[in-house]
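Asks: Enclosed is the structure file input_6.cif (mmCIF, N, CA and C atoms).
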data_start
#
loop_
_atom_site.label_atom_id
_atom_site.label_comp_id
_atom_site.auth_asym_id
_atom_site.auth_seq_id
_atom_site.Cartn_x
_atom_site.Cartn_y
_atom_site.Cartn_z
N MET A 1 45.14 44.01 -50.43
CA MET A 1 44.12 44.85 -51.01
C MET A 1 44.61 46.29 -50.98
N PHE A 2 44.12 47.08 -51.92
CA PHE A 2 44.51 48.48 -52.05
C PHE A 2 43.24 49.33 -52.11
N ALA A 3 43.29 50.52 -51.52
CA ALA A 3 42.14 51.43 -51.54
C ALA A 3 42.53 52.77 -52.14
N ARG A 4 41.66 53.28 -52.97
CA ARG A 4 41.83 54.64 -53.48
C ARG A 4 40.78 55.49 -52.76
N LYS A 5 41.24 56.56 -52.13
CA LYS A 5 40.35 57.48 -51.41
C LYS A 5 40.35 58.81 -52.14
N ILE A 6 39.17 59.31 -52.43
CA ILE A 6 39.05 60.62 -53.06
C ILE A 6 38.16 61.48 -52.17
N THR A 7 38.68 62.62 -51.78
CA THR A 7 37.90 63.58 -51.01
C THR A 7 37.36 64.62 -51.97
N PHE A 8 36.06 64.79 -51.96
CA PHE A 8 35.38 65.75 -52.83
C PHE A 8 34.77 66.86 -51.99
N LEU A 9 34.66 68.01 -52.57
CA LEU A 9 33.83 69.07 -51.99
C LEU A 9 32.79 69.39 -53.05
N PHE A 10 31.58 68.87 -52.81
CA PHE A 10 30.48 69.11 -53.73
C PHE A 10 29.69 70.33 -53.28
N LYS A 11 29.01 70.96 -54.21
CA LYS A 11 28.05 71.99 -53.85
C LYS A 11 26.94 71.27 -53.09
N PRO A 12 26.62 71.71 -51.86
CA PRO A 12 25.62 70.98 -51.06
C PRO A 12 24.30 70.73 -51.79
N GLU A 13 23.90 71.66 -52.63
CA GLU A 13 22.63 71.47 -53.35
C GLU A 13 22.72 70.39 -54.42
N ASN A 14 23.93 69.90 -54.71
CA ASN A 14 24.11 68.87 -55.74
C ASN A 14 24.47 67.50 -55.18
N ILE A 15 24.42 67.34 -53.86
CA ILE A 15 24.79 66.05 -53.26
C ILE A 15 23.94 64.91 -53.81
N ASP A 16 22.63 65.09 -53.88
CA ASP A 16 21.77 64.01 -54.38
C ASP A 16 22.14 63.61 -55.80
N ASP A 17 22.44 64.60 -56.65
CA ASP A 17 22.83 64.30 -58.02
C ASP A 17 24.16 63.54 -58.06
N ALA A 18 25.10 63.94 -57.22
CA ALA A 18 26.41 63.27 -57.17
C ALA A 18 26.26 61.83 -56.67
N VAL A 19 25.43 61.63 -55.65
CA VAL A 19 25.20 60.28 -55.13
C VAL A 19 24.57 59.40 -56.20
N LYS A 20 23.58 59.94 -56.89
CA LYS A 20 22.93 59.17 -57.96
C LYS A 20 23.93 58.82 -59.06
N LEU A 21 24.77 59.76 -59.44
CA LEU A 21 25.78 59.50 -60.47
C LEU A 21 26.77 58.43 -60.01
N PHE A 22 27.19 58.48 -58.76
CA PHE A 22 28.11 57.46 -58.22
C PHE A 22 27.45 56.09 -58.31
N ARG A 23 26.18 56.03 -57.91
CA ARG A 23 25.45 54.76 -57.88
C ARG A 23 25.18 54.22 -59.29
N THR A 24 24.85 55.10 -60.23
CA THR A 24 24.42 54.63 -61.56
C THR A 24 25.53 54.57 -62.60
N SER A 25 26.67 55.23 -62.33
CA SER A 25 27.76 55.24 -63.32
C SER A 25 29.05 54.63 -62.77
N VAL A 26 29.50 55.13 -61.65
CA VAL A 26 30.78 54.65 -61.11
C VAL A 26 30.70 53.17 -60.73
N ILE A 27 29.71 52.81 -59.93
CA ILE A 27 29.63 51.42 -59.45
C ILE A 27 29.47 50.42 -60.61
N PRO A 28 28.50 50.58 -61.50
CA PRO A 28 28.38 49.59 -62.58
C PRO A 28 29.62 49.52 -63.47
N GLY A 29 30.22 50.66 -63.75
CA GLY A 29 31.43 50.66 -64.58
C GLY A 29 32.60 50.03 -63.88
N ALA A 30 32.78 50.35 -62.60
CA ALA A 30 33.90 49.80 -61.84
C ALA A 30 33.79 48.29 -61.70
N ARG A 31 32.58 47.78 -61.62
CA ARG A 31 32.39 46.32 -61.51
C ARG A 31 32.99 45.58 -62.71
N LYS A 32 33.13 46.26 -63.83
CA LYS A 32 33.70 45.65 -65.03
C LYS A 32 35.23 45.75 -65.07
N GLU A 33 35.80 46.52 -64.15
CA GLU A 33 37.25 46.73 -64.13
C GLU A 33 37.96 45.59 -63.42
N LYS A 34 39.10 45.20 -63.96
CA LYS A 34 39.91 44.12 -63.38
C LYS A 34 40.35 44.50 -61.96
N GLY A 35 40.12 43.59 -61.03
CA GLY A 35 40.59 43.76 -59.67
C GLY A 35 39.68 44.56 -58.76
N PHE A 36 38.55 45.06 -59.27
CA PHE A 36 37.63 45.84 -58.44
C PHE A 36 37.04 44.96 -57.36
N ARG A 37 37.04 45.47 -56.11
CA ARG A 37 36.54 44.71 -54.98
C ARG A 37 35.38 45.38 -54.25
N GLY A 38 35.12 46.65 -54.52
CA GLY A 38 34.00 47.31 -53.86
C GLY A 38 34.23 48.81 -53.78
N ALA A 39 33.18 49.51 -53.32
CA ALA A 39 33.26 50.97 -53.22
C ALA A 39 32.25 51.48 -52.21
N CYS A 40 32.52 52.65 -51.68
CA CYS A 40 31.53 53.33 -50.85
C CYS A 40 31.70 54.84 -51.03
N LEU A 41 30.62 55.54 -50.83
CA LEU A 41 30.61 56.99 -50.90
C LEU A 41 29.98 57.49 -49.62
N MET A 42 30.70 58.36 -48.92
CA MET A 42 30.22 58.94 -47.67
C MET A 42 30.06 60.44 -47.88
N THR A 43 28.96 60.99 -47.38
CA THR A 43 28.69 62.40 -47.61
C THR A 43 28.31 63.12 -46.33
N ASP A 44 28.69 64.37 -46.26
CA ASP A 44 28.22 65.28 -45.22
C ASP A 44 27.36 66.31 -45.95
N ARG A 45 26.08 66.09 -45.97
CA ARG A 45 25.18 66.90 -46.79
C ARG A 45 25.24 68.40 -46.51
N PRO A 46 25.29 68.83 -45.27
CA PRO A 46 25.31 70.28 -45.03
C PRO A 46 26.54 70.99 -45.61
N THR A 47 27.69 70.33 -45.60
CA THR A 47 28.92 70.99 -46.07
C THR A 47 29.29 70.61 -47.50
N GLY A 48 28.78 69.48 -47.98
CA GLY A 48 29.14 69.00 -49.30
C GLY A 48 30.40 68.15 -49.31
N LYS A 49 31.08 68.05 -48.17
CA LYS A 49 32.30 67.23 -48.12
C LYS A 49 31.91 65.76 -48.25
N SER A 50 32.61 65.08 -49.15
CA SER A 50 32.32 63.67 -49.41
C SER A 50 33.61 62.91 -49.60
N ILE A 51 33.56 61.64 -49.28
CA ILE A 51 34.71 60.76 -49.44
C ILE A 51 34.26 59.51 -50.17
N ALA A 52 34.93 59.20 -51.26
CA ALA A 52 34.69 57.97 -52.00
C ALA A 52 35.90 57.07 -51.78
N VAL A 53 35.63 55.81 -51.51
CA VAL A 53 36.70 54.82 -51.36
C VAL A 53 36.38 53.66 -52.29
N THR A 54 37.33 53.33 -53.14
CA THR A 54 37.20 52.15 -53.98
C THR A 54 38.28 51.16 -53.55
N PHE A 55 37.91 49.90 -53.56
CA PHE A 55 38.81 48.84 -53.13
C PHE A 55 39.22 47.99 -54.33
N TRP A 56 40.51 47.67 -54.38
CA TRP A 56 41.09 46.94 -55.50
C TRP A 56 41.89 45.76 -54.98
N ARG A 57 42.02 44.75 -55.80
CA ARG A 57 42.78 43.56 -55.41
C ARG A 57 44.21 43.94 -55.01
N ASN A 58 44.80 44.88 -55.77
CA ASN A 58 46.15 45.34 -55.46
C ASN A 58 46.37 46.72 -56.09
N GLU A 59 47.49 47.32 -55.79
CA GLU A 59 47.80 48.66 -56.31
C GLU A 59 47.91 48.67 -57.83
N ALA A 60 48.45 47.59 -58.39
CA ALA A 60 48.59 47.52 -59.85
C ALA A 60 47.23 47.61 -60.54
N ASP A 61 46.22 46.95 -59.99
CA ASP A 61 44.87 47.02 -60.58
C ASP A 61 44.30 48.44 -60.46
N ALA A 62 44.54 49.10 -59.34
CA ALA A 62 44.06 50.48 -59.17
C ALA A 62 44.75 51.41 -60.17
N ARG A 63 46.04 51.22 -60.36
CA ARG A 63 46.77 52.06 -61.32
C ARG A 63 46.32 51.78 -62.76
N ALA A 64 46.07 50.52 -63.07
CA ALA A 64 45.60 50.16 -64.41
C ALA A 64 44.26 50.84 -64.70
N ASN A 65 43.44 50.97 -63.67
CA ASN A 65 42.15 51.64 -63.79
C ASN A 65 42.32 53.10 -64.17
N GLU A 66 43.41 53.71 -63.75
CA GLU A 66 43.70 55.10 -64.14
C GLU A 66 44.33 55.14 -65.53
N GLU A 67 45.21 54.18 -65.82
CA GLU A 67 45.90 54.17 -67.12
C GLU A 67 44.95 53.92 -68.28
N ASN A 68 43.87 53.15 -68.05
CA ASN A 68 42.92 52.91 -69.14
C ASN A 68 41.87 54.02 -69.21
N LEU A 69 42.03 55.06 -68.40
CA LEU A 69 41.21 56.28 -68.39
C LEU A 69 39.81 56.13 -67.82
N PHE A 70 39.46 54.95 -67.29
CA PHE A 70 38.14 54.81 -66.67
C PHE A 70 37.97 55.81 -65.52
N PHE A 71 38.97 55.90 -64.67
CA PHE A 71 38.92 56.82 -63.52
C PHE A 71 38.64 58.25 -64.00
N GLN A 72 39.40 58.71 -64.99
CA GLN A 72 39.26 60.07 -65.48
C GLN A 72 37.89 60.29 -66.15
N GLU A 73 37.42 59.28 -66.88
CA GLU A 73 36.11 59.39 -67.55
C GLU A 73 35.00 59.54 -66.52
N GLN A 74 35.12 58.84 -65.40
CA GLN A 74 34.10 58.96 -64.35
C GLN A 74 34.22 60.30 -63.64
N LEU A 75 35.44 60.70 -63.33
CA LEU A 75 35.66 61.94 -62.58
C LEU A 75 35.10 63.15 -63.32
N VAL A 76 35.28 63.21 -64.62
CA VAL A 76 34.82 64.37 -65.41
C VAL A 76 33.30 64.51 -65.35
N LYS A 77 32.59 63.42 -65.15
CA LYS A 77 31.13 63.48 -65.05
C LYS A 77 30.67 64.27 -63.83
N PHE A 78 31.54 64.37 -62.82
CA PHE A 78 31.19 65.07 -61.58
C PHE A 78 31.52 66.56 -61.61
N LEU A 79 32.19 67.03 -62.65
CA LEU A 79 32.63 68.43 -62.71
C LEU A 79 31.53 69.45 -62.38
N PRO A 80 30.31 69.30 -62.89
CA PRO A 80 29.29 70.31 -62.59
C PRO A 80 28.92 70.39 -61.10
N TYR A 81 29.27 69.36 -60.33
CA TYR A 81 28.87 69.30 -58.92
C TYR A 81 29.97 69.75 -57.96
N PHE A 82 31.19 69.93 -58.46
CA PHE A 82 32.32 70.28 -57.59
C PHE A 82 32.26 71.73 -57.10
N ALA A 83 32.60 71.90 -55.82
CA ALA A 83 32.80 73.24 -55.25
C ALA A 83 34.29 73.47 -55.03
N GLY A 84 35.09 72.46 -55.27
CA GLY A 84 36.54 72.53 -55.11
C GLY A 84 37.17 71.32 -55.77
N PRO A 85 38.49 71.32 -55.92
CA PRO A 85 39.15 70.20 -56.60
C PRO A 85 39.16 68.93 -55.74
N PRO A 86 39.01 67.77 -56.37
CA PRO A 86 39.10 66.51 -55.62
C PRO A 86 40.54 66.21 -55.22
N ILE A 87 40.70 65.48 -54.14
CA ILE A 87 42.03 65.08 -53.66
C ILE A 87 42.07 63.55 -53.65
N ARG A 88 43.01 62.98 -54.40
CA ARG A 88 43.12 61.52 -54.54
C ARG A 88 44.30 61.02 -53.72
N GLU A 89 44.08 59.91 -53.02
CA GLU A 89 45.14 59.26 -52.26
C GLU A 89 44.98 57.75 -52.39
N GLY A 90 46.06 57.02 -52.21
CA GLY A 90 46.01 55.57 -52.25
C GLY A 90 46.61 54.98 -51.00
N PHE A 91 46.06 53.83 -50.56
CA PHE A 91 46.49 53.20 -49.32
C PHE A 91 46.48 51.69 -49.45
N GLU A 92 47.42 51.06 -48.80
CA GLU A 92 47.36 49.62 -48.60
C GLU A 92 46.27 49.38 -47.56
N VAL A 93 45.42 48.41 -47.78
CA VAL A 93 44.39 48.07 -46.80
C VAL A 93 45.00 47.08 -45.82
N SER A 94 45.23 47.52 -44.60
CA SER A 94 45.85 46.67 -43.59
C SER A 94 44.82 45.81 -42.86
N VAL A 95 43.65 46.37 -42.61
CA VAL A 95 42.56 45.65 -41.95
C VAL A 95 41.27 46.05 -42.66
N HIS A 96 40.41 45.07 -42.93
CA HIS A 96 39.14 45.35 -43.59
C HIS A 96 38.08 44.45 -42.98
N CYS A 97 37.01 45.05 -42.51
CA CYS A 97 35.89 44.28 -41.98
C CYS A 97 34.61 45.03 -42.35
N MET A 98 33.75 44.39 -43.08
CA MET A 98 32.49 45.01 -43.47
C MET A 98 31.37 44.07 -43.08
N GLU A 99 30.52 44.52 -42.20
CA GLU A 99 29.39 43.70 -41.77
C GLU A 99 28.10 44.35 -42.22
N THR A 100 27.13 43.53 -42.58
CA THR A 100 25.82 44.05 -42.96
C THR A 100 24.75 43.36 -42.12
N GLN A 101 23.74 44.11 -41.86
CA GLN A 101 22.59 43.54 -41.18
C GLN A 101 21.79 42.77 -42.22
N LEU A 102 21.46 41.55 -41.93
CA LEU A 102 20.66 40.76 -42.86
C LEU A 102 19.30 40.50 -42.25
N LYS A 103 18.30 40.67 -43.06
CA LYS A 103 16.93 40.39 -42.64
C LYS A 103 16.44 39.22 -43.47
N ARG A 104 16.09 38.16 -42.83
CA ARG A 104 15.60 36.99 -43.54
C ARG A 104 14.10 37.14 -43.78
N LYS A 105 13.73 36.96 -45.03
CA LYS A 105 12.33 37.08 -45.41
C LYS A 105 11.90 35.74 -45.99
N SER A 106 10.99 35.09 -45.31
CA SER A 106 10.58 33.77 -45.80
C SER A 106 9.50 33.92 -46.87
N SER A 107 9.48 32.97 -47.73
CA SER A 107 8.52 32.96 -48.83
C SER A 107 7.75 31.65 -48.80
N LYS A 108 6.44 31.71 -48.99
CA LYS A 108 5.62 30.50 -49.01
C LYS A 108 5.91 29.66 -50.24
N LYS A 109 6.41 30.28 -51.30
CA LYS A 109 6.69 29.57 -52.54
C LYS A 109 8.03 28.84 -52.50
N SER A 110 8.87 29.16 -51.51
CA SER A 110 10.20 28.60 -51.45
C SER A 110 10.47 28.03 -50.07
N THR A 111 11.33 27.03 -50.01
CA THR A 111 11.66 26.44 -48.73
C THR A 111 12.88 27.10 -48.10
N HIS A 112 13.50 28.05 -48.79
CA HIS A 112 14.65 28.75 -48.23
C HIS A 112 14.37 30.24 -48.18
N SER A 113 15.09 30.94 -47.34
CA SER A 113 14.90 32.38 -47.24
C SER A 113 16.03 33.11 -47.97
N THR A 114 15.74 34.29 -48.43
CA THR A 114 16.68 35.10 -49.18
C THR A 114 17.18 36.23 -48.30
N PRO A 115 18.52 36.36 -48.12
CA PRO A 115 19.03 37.46 -47.31
C PRO A 115 18.80 38.80 -48.02
N ARG A 116 18.52 39.81 -47.23
CA ARG A 116 18.30 41.14 -47.79
C ARG A 116 18.99 42.15 -46.88
N ALA A 117 19.86 42.95 -47.47
CA ALA A 117 20.60 43.93 -46.67
C ALA A 117 19.67 45.06 -46.25
N GLU A 118 19.81 45.50 -45.02
CA GLU A 118 19.07 46.65 -44.50
C GLU A 118 20.03 47.79 -44.28
N ALA A 119 19.67 48.95 -44.77
CA ALA A 119 20.50 50.13 -44.53
C ALA A 119 19.97 50.85 -43.30
N ARG A 120 20.86 51.25 -42.43
CA ARG A 120 20.47 52.02 -41.25
C ARG A 120 21.23 53.33 -41.27
N PRO A 121 20.50 54.45 -41.21
CA PRO A 121 21.19 55.74 -41.20
C PRO A 121 21.93 55.97 -39.90
N HIS A 122 23.06 56.62 -40.00
CA HIS A 122 23.86 56.95 -38.83
C HIS A 122 24.08 58.46 -38.81
N SER A 123 24.01 59.05 -37.65
CA SER A 123 24.28 60.47 -37.53
C SER A 123 25.17 60.71 -36.33
N PHE A 124 26.25 61.45 -36.56
CA PHE A 124 27.15 61.78 -35.46
C PHE A 124 26.97 63.22 -35.04
N ARG A 125 26.00 63.89 -35.61
CA ARG A 125 25.75 65.29 -35.28
C ARG A 125 24.96 65.39 -33.98
N LYS A 126 25.20 66.46 -33.25
CA LYS A 126 24.45 66.69 -32.01
C LYS A 126 23.28 67.60 -32.29
#
Translate this structure into structure tokens?

Replies:
Amino acid sequence: MFARKITFLFKPENIDDAVKLFRTSVIPGARKEKGFRGACLMTDRPTGKSIAVTFWRNEADARANEENLFFQEQLVKFLPYFAGPPIREGFEVSVHCMETQLKRKSSKKSTHSTPRAEARPHSFRK
């Protein structure tokens, strides 16, 4: 697996807009790209520093994503929110483990339960 990491410096007042754009444009579009395996966006709201990581089946798929201009088309949408230039890096994924908390919700209409992911906020600030 291969990961593309982009470090952004957003204007802090635009973090919500950038997060919404990532969720509504980058993720749905990337899901259509060959070799896409997942993505996450991490933000430090007070400073605007953010890190996006996209996961690809291999480096060739990540590069193809740039060659077909999808990457550039998405990046340009964020221009109004930047406080500095983005920094792009690529890495081989040596270890990957992603766990989610699942909450089972039973339904009287069904004999099986449907898993539902729960998001829990984390803060490392004192």

Asks: Any chance you could resolve the PyMOL selection byres (((chain A and resi 19-33 and name CA) around 10) and name CA) against this file and give the residues as a compact mmCIF listing (two decimals) with N, CA and C atoms, in the frame of the given file?

Replies:
# COMPACT_ATOMS: atom_id res chain seq x y z
N ASN A 14 23.93 69.90 -54.71
CA ASN A 14 24.11 68.87 -55.74
C ASN A 14 24.47 67.50 -55.18
N ILE A 15 24.42 67.34 -53.86
CA ILE A 15 24.79 66.05 -53.26
C ILE A 15 23.94 64.91 -53.81
N ASP A 16 22.63 65.09 -53.88
CA ASP A 16 21.77 64.01 -54.38
C ASP A 16 22.14 63.61 -55.80
N ASP A 17 22.44 64.60 -56.65
CA ASP A 17 22.83 64.30 -58.02
C ASP A 17 24.16 63.54 -58.06
N ALA A 18 25.10 63.94 -57.22
CA ALA A 18 26.41 63.27 -57.17
C ALA A 18 26.26 61.83 -56.67
N LYS A 34 39.10 45.20 -63.96
CA LYS A 34 39.91 44.12 -63.38
C LYS A 34 40.35 44.50 -61.96
N GLY A 35 40.12 43.59 -61.03
CA GLY A 35 40.59 43.76 -59.67
C GLY A 35 39.68 44.56 -58.76
N PHE A 36 38.55 45.06 -59.27
CA PHE A 36 37.63 45.84 -58.44
C PHE A 36 37.04 44.96 -57.36
N ARG A 37 37.04 45.47 -56.11
CA ARG A 37 36.54 44.71 -54.98
C ARG A 37 35.38 45.38 -54.25
N GLY A 38 35.12 46.65 -54.52
CA GLY A 38 34.00 47.31 -53.86
C GLY A 38 34.23 48.81 -53.78
N ALA A 39 33.18 49.51 -53.32
CA ALA A 39 33.26 50.97 -53.22
C ALA A 39 32.25 51.48 -52.21
N CYS A 40 32.52 52.65 -51.68
CA CYS A 40 31.53 53.33 -50.85
C CYS A 40 31.70 54.84 -51.03
N LEU A 41 30.62 55.54 -50.83
CA LEU A 41 30.61 56.99 -50.90
C LEU A 41 29.98 57.49 -49.62
N MET A 42 30.70 58.36 -48.92
CA MET A 42 30.22 58.94 -47.67
C MET A 42 30.06 60.44 -47.88
N THR A 43 28.96 60.99 -47.38
CA THR A 43 28.69 62.40 -47.61
C THR A 43 28.31 63.12 -46.33
N SER A 50 32.61 65.08 -49.15
CA SER A 50 32.32 63.67 -49.41
C SER A 50 33.61 62.91 -49.60
N ALA A 52 34.93 59.20 -51.26
CA ALA A 52 34.69 57.97 -52.00
C ALA A 52 35.90 57.07 -51.78
N THR A 54 37.33 53.33 -53.14
CA THR A 54 37.20 52.15 -53.98
C THR A 54 38.28 51.16 -53.55
N TRP A 56 40.51 47.67 -54.38
CA TRP A 56 41.09 46.94 -55.50
C TRP A 56 41.89 45.76 -54.98
N ASP A 61 46.22 46.95 -59.99
CA ASP A 61 44.87 47.02 -60.58
C ASP A 61 44.30 48.44 -60.46
N ALA A 62 44.54 49.10 -59.34
CA ALA A 62 44.06 50.48 -59.17
C ALA A 62 44.75 51.41 -60.17
N ALA A 64 46.07 50.52 -63.07
CA ALA A 64 45.60 50.16 -64.41
C ALA A 64 44.26 50.84 -64.70
N ASN A 65 43.44 50.97 -63.67
CA ASN A 65 42.15 51.64 -63.79
C ASN A 65 42.32 53.10 -64.17
N ASN A 68 43.87 53.15 -68.05
CA ASN A 68 42.92 52.91 -69.14
C ASN A 68 41.87 54.02 -69.21
N PHE A 70 39.46 54.95 -67.29
CA PHE A 70 38.14 54.81 -66.67
C PHE A 70 37.97 55.81 -65.52
N PHE A 71 38.97 55.90 -64.67
CA PHE A 71 38.92 56.82 -63.52
C PHE A 71 38.64 58.25 -64.00
N GLU A 73 37.42 59.28 -66.88
CA GLU A 73 36.11 59.39 -67.55
C GLU A 73 35.00 59.54 -66.52
N GLN A 74 35.12 58.84 -65.40
CA GLN A 74 34.10 58.96 -64.35
C GLN A 74 34.22 60.30 -63.64
N LEU A 75 35.44 60.70 -63.33
CA LEU A 75 35.66 61.94 -62.58
C LEU A 75 35.10 63.15 -63.32
N LYS A 77 32.59 63.42 -65.15
CA LYS A 77 31.13 63.48 -65.05
C LYS A 77 30.67 64.27 -63.83
N PHE A 78 31.54 64.37 -62.82
CA PHE A 78 31.19 65.07 -61.58
C PHE A 78 31.52 66.56 -61.61

Asks: If we count only C-alpha atoms and set the cut-off at 12 Å, which residues sit around A:Glu13, ignoring sequence neighbours fewer than 6 positions away in its own chain? Please answer as a PyMOL selection string.

Replies: chain A and resi 19+44-49+80-83

Asks: So which one's closest to A:Lys11, A:Ser94, A:Val76, A:Arg57, A:Gly84? Using all atoms listed in the file, please.

Replies: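 Of A:Ser94, A:Val76, A:Arg57, A:Gly84, the one nearest A:Lys11 is A:Gly84, counting all atoms listed in the file.
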
Asks: Just the number, please: distance in Å from atom CA of A:Val93 to atom C of A:Leu9, one decimal.

Replies: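 That distance, rounded to one decimal, is 25.1 Å.
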
Asks: Work out how far apart atom N of A:Glu59 and atom C of A:Phe10 are and give it in Å to one decimal.

Replies: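 Computing it gives 29.2 Å between the two atoms.
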
Asks: May I have the centre and edge lengths, in Å to one decimal, of an axis-aligned box around the listed atoms of stretch 19-38 of chain A with 3 Å added to every side, as AutoDock Vina command-line options?

Replies:
--center_x 31.8 --center_y 52.6 --center_z -59.4 --size_x 23.7 --size_y 24.0 --size_z 17.3

Asks: So how many Å separate atom CA of A:Pro86 and atom N of A:Phe2, to one decimal?

Replies: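 According to the coordinates, atom CA of A:Pro86 and atom N of A:Phe2 are separated by 20.4 Å.
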
Asks: Taking the backbone alone, and naming residues the way the document does, which bits of stretch 2-121 of chain A are strand (DSSP E or B) by DSSP, as number ranges by chain?

Replies: A: 2-10, 36-43, 49-56, 82-92, 101-105, 114-118

Asks: For the provided coordinates, the residues matched by the PyMOL selection byres (((chain A and resi 90 and name CA) around 9) and name CA) should be stated as a list of chain:residue names.

Replies: A:Phe2, A:Ala3, A:Arg4, A:Lys5, A:Ile6, A:Glu59, A:Ala62, A:Arg88, A:Glu89, A:Phe91, A:Glu92

Asks: Could you tell me, as a list in words, which residues of stretch 50-101 of chain A DSSP assigns to alpha helix (DSSP H) when given the backbone?

Replies: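 The residues of stretch 50-101 of chain A classed as alpha helix (DSSP H) are Glu59, Ala60, Asp61, Ala62, Arg63, Ala64, Asn65, Glu66, Glu67, Phe70, Phe71, Gln72, Glu73, Gln74, Leu75, Val76 and Lys77 of chain A.
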